[in-house]
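Q: My structure file protein15.cif, mmCIF, C-alpha atoms, is below:
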data_work
loop_
_atom_site.label_atom_id
_atom_site.label_comp_id
_atom_site.auth_asym_id
_atom_site.auth_seq_id
_atom_site.Cartn_x
_atom_site.Cartn_y
_atom_site.Cartn_z
CA MET A 1 0.00 0.00 0.00
CA TRP A 2 2.86 2.40 0.77
CA LEU A 3 4.12 2.01 -2.80
CA VAL A 4 0.75 2.93 -4.31
CA LEU A 5 0.52 5.99 -2.06
CA ALA A 6 4.12 6.98 -2.89
CA LEU A 7 3.40 6.68 -6.63
CA LEU A 8 0.25 8.77 -6.24
CA SER A 9 2.33 11.31 -4.34
CA ALA A 10 4.73 11.48 -7.29
CA VAL A 11 1.86 11.96 -9.74
CA PHE A 12 0.33 14.72 -7.63
CA ALA A 13 3.75 16.36 -7.19
CA ALA A 14 4.18 16.37 -10.96
CA LEU A 15 0.74 17.91 -11.39
CA THR A 16 1.63 20.46 -8.71
CA SER A 17 4.64 21.60 -10.72
CA ILE A 18 2.77 21.96 -14.01
CA LEU A 19 -0.31 23.59 -12.48
CA ALA A 20 1.86 25.96 -10.43
CA LYS A 21 3.94 26.99 -13.46
CA ILE A 22 0.74 27.86 -15.34
CA GLY A 23 -0.93 29.52 -12.34
CA ILE A 24 2.03 31.61 -11.22
CA ASP A 25 2.16 33.57 -14.48
CA GLY A 26 1.86 37.25 -13.51
CA VAL A 27 1.44 36.45 -9.79
CA ASN A 28 3.93 37.27 -7.03
CA SER A 29 5.53 33.97 -6.02
CA ASN A 30 5.04 34.64 -2.29
CA LEU A 31 1.35 35.38 -2.82
CA ALA A 32 1.00 32.22 -4.93
CA THR A 33 2.65 30.19 -2.18
CA ALA A 34 0.28 31.67 0.41
CA ILE A 35 -2.76 30.80 -1.71
CA ARG A 36 -1.50 27.25 -2.21
CA THR A 37 -0.83 26.93 1.52
CA VAL A 38 -4.38 27.97 2.44
CA VAL A 39 -5.74 25.32 0.10
CA VAL A 40 -3.44 22.70 1.64
CA VAL A 41 -4.45 23.72 5.18
CA VAL A 42 -8.17 23.50 4.38
CA MET A 43 -7.66 20.13 2.69
CA ALA A 44 -5.53 18.73 5.54
CA TRP A 45 -7.97 19.82 8.27
CA GLY A 46 -10.83 18.50 6.16
CA MET A 47 -9.17 15.08 6.19
CA VAL A 48 -8.61 15.33 9.96
CA PHE A 49 -12.31 15.94 10.55
CA LEU A 50 -13.42 13.46 7.87
CA THR A 51 -11.41 10.70 9.56
CA ASN A 52 -12.36 11.91 13.04
CA ALA A 53 -8.71 12.27 14.05
CA GLN A 54 -9.02 15.66 15.77
CA GLY A 55 -9.22 14.06 19.23
CA GLY A 56 -5.57 12.97 18.97
CA ILE A 57 -4.29 16.54 19.10
CA THR A 58 -4.06 16.48 22.91
CA ASP A 59 -1.96 13.29 22.80
CA ILE A 60 0.87 14.87 20.80
CA SER A 61 4.08 15.12 22.82
CA LYS A 62 6.12 18.34 23.12
CA ARG A 63 8.91 16.69 21.15
CA SER A 64 6.52 15.80 18.33
CA TRP A 65 5.08 19.35 18.36
CA LEU A 66 8.61 20.78 18.06
CA PHE A 67 9.56 18.57 15.12
CA LEU A 68 6.20 19.00 13.36
CA ILE A 69 6.59 22.78 13.64
CA LEU A 70 10.17 22.61 12.35
CA SER A 71 8.96 20.40 9.49
CA GLY A 72 6.28 22.97 8.68
CA LEU A 73 8.87 25.75 8.62
CA ALA A 74 11.06 23.67 6.31
CA THR A 75 8.06 23.01 4.07
CA GLY A 76 7.23 26.71 3.95
CA ALA A 77 10.81 27.63 3.07
CA SER A 78 10.87 24.91 0.42
CA TRP A 79 7.61 26.10 -1.15
CA LEU A 80 8.68 29.75 -1.17
CA CYS A 81 11.95 28.86 -2.89
CA TYR A 82 10.26 26.43 -5.26
CA TYR A 83 7.61 28.89 -6.42
CA LYS A 84 10.16 31.64 -6.98
CA ALA A 85 12.38 29.22 -8.91
CA LEU A 86 9.38 28.09 -11.01
CA GLN A 87 8.45 31.69 -11.69
CA ILE A 88 11.87 32.63 -13.06
CA GLY A 89 13.01 29.26 -14.47
CA SER A 90 11.57 26.56 -16.66
CA ALA A 91 9.73 23.70 -14.96
CA SER A 92 11.82 21.17 -16.88
CA LYS A 93 14.94 22.48 -15.12
CA VAL A 94 13.56 23.52 -11.71
CA VAL A 95 11.80 20.22 -10.97
CA PRO A 96 14.84 17.93 -11.44
CA VAL A 97 16.93 20.13 -9.15
CA ASP A 98 14.12 20.13 -6.59
CA LYS A 99 14.08 16.33 -6.73
CA LEU A 100 17.66 16.28 -5.50
CA SER A 101 15.80 16.31 -2.20
CA VAL A 102 15.71 12.52 -2.61
CA VAL A 103 19.50 12.36 -2.41
CA ILE A 104 19.65 14.87 0.43
CA THR A 105 16.95 12.95 2.33
CA LEU A 106 18.85 9.68 2.01
CA VAL A 107 22.03 11.28 3.35
CA LEU A 108 20.18 13.00 6.22
CA ALA A 109 18.34 9.76 7.06
CA PHE A 110 21.71 8.00 7.28
CA VAL A 111 23.27 10.71 9.46
CA PHE A 112 20.38 11.58 11.78
CA LEU A 113 18.05 8.57 11.72
CA HIS A 114 20.82 5.96 11.40
CA GLU A 115 19.03 4.33 8.49
CA GLN A 116 21.00 1.90 6.40
CA PHE A 117 22.94 3.35 3.46
CA THR A 118 23.57 0.45 1.12
CA ALA A 119 25.46 0.09 -2.13
CA LYS A 120 22.07 0.21 -3.84
CA SER A 121 21.30 3.53 -2.10
CA LEU A 122 24.66 4.96 -3.12
CA ILE A 123 24.20 3.91 -6.75
CA GLY A 124 20.69 5.40 -6.75
CA CYS A 125 21.98 8.69 -5.33
CA VAL A 126 24.75 8.86 -7.94
CA LEU A 127 22.30 8.10 -10.76
CA ILE A 128 19.83 10.73 -9.53
CA GLY A 129 22.68 13.25 -9.34
CA ILE A 130 23.89 12.41 -12.85
CA GLY A 131 20.33 12.48 -14.18
CA THR A 132 19.75 15.88 -12.62
CA LEU A 133 22.94 17.25 -14.17
CA LEU A 134 21.97 15.88 -17.59
CA MET A 135 18.52 17.47 -17.38
CA VAL A 136 19.77 20.86 -16.19
CA LEU A 137 22.78 21.33 -18.46
#
Taking this structure as input, can you express it in the form of structure tokens?
A:
Amino acid sequence: MWLVLALLSAVFAALTSILAKIGIDGVNSNLATAIRTVVVVVMAWGMVFLTNAQGGITDISKRSWLFLILSGLATGASWLCYYKALQIGSASKVVPVDKLSVVITLVLAFVFLHEQFTAKSLIGCVLIGIGTLLMVL
């Protein structure tokens, strides 16, 4: 099931890039990011209430609150940079560079989460890096 959801995530991320590139034409990138964020917030809270998960908010630990807030700040910074990059660059070049986050995530997961970094992971990271360079140059 995780693979299906991950593939759907990739499809929606691709749609996000194309729809954003079209929608950001003539719009300040910060304003566009704010509009997108409001839509995401409404959608996320809608899912919370639809699945009746709102009661769990009081069970969240201080540590989890801290890291969820930091994750939100990182997401906001990412979106602001991404929208500005999309506004001034072509989607076919911005998106591959943005997807270097896969490589960065694998390295950070190894360093901070002590996840296994295998030969397969290393080869994948190198191939993603080479692929990104080929698409951007």
Q: I'd like the contact shell of Ser17 in chain A - 9 Å cut-off, all atoms listed in the file, skipping same-chain residues fewer than 3 positions apart - returned as number ranges by chain.
A: A: 12-14, 20-22, 83, 86, 91, 95
Q: At what distance in Å, to one decimal, does CA of Thr105 in chain A lie from CA of Cys125 in chain A?
A: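 Separation of CA of Cys125 in chain A and CA of Thr105 in chain A: 10.1 Å.
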Q: With only C-alpha atoms as the basis for distance, which of A:Trp65, A:Asn28, A:Leu127, A:Leu137 is at the shortest distance from Val94 in chain A?
A: A:Leu137
Q: Using the chain letters and numbers from the file, which residues does the PyMOL selection byres ((chain A and resi 103) around 10) grab, as an MDAnalysis selection string?
A: chainID A and resid 99:102 104:109 121:122 124:129
Q: So which one's closest to Lys93 in chain A, A:Leu133, A:Leu15, A:Val39, A:Ala32? Using all atoms listed in the file, please.
A: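 Checking each candidate against Lys93 in chain A, we get A:Leu133 as the closest.
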Q: With all atoms listed in the file as the basis for distance, which of A:Gly131, A:Gly89, A:Gly76, A:Pro96 is at the shortest distance from Thr37 in chain A?
A: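 Among A:Gly131, A:Gly89, A:Gly76, A:Pro96, it is A:Gly76 that comes nearest to Thr37 in chain A.
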Q: Report, in Å to a single decimal, how far apart CA of Phe110 in chain A and CA of Leu80 in chain A are.
A: 26.7 Å
Q: Using CA of Ala10 in chain A and CA of Ala44 in chain A as the two end points, give the distance in Å to one decimal.
A: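 Value for the CA of Ala10 in chain A-CA of Ala44 in chain A distance: 18.0 Å.
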Q: Considering all atoms listed in the file, can you say which of A:Thr16, A:Gln54, A:Ser9, A:Ser29 comes closest to Ala85 in chain A?
A: A:Ser29
Q: With distances taken over only C-alpha atoms, which residue among A:Val4, A:Val97, A:Val11, A:Val40 lies nearest Val136 in chain A?
A: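 Smallest separation from Val136 in chain A among the options: A:Val97.
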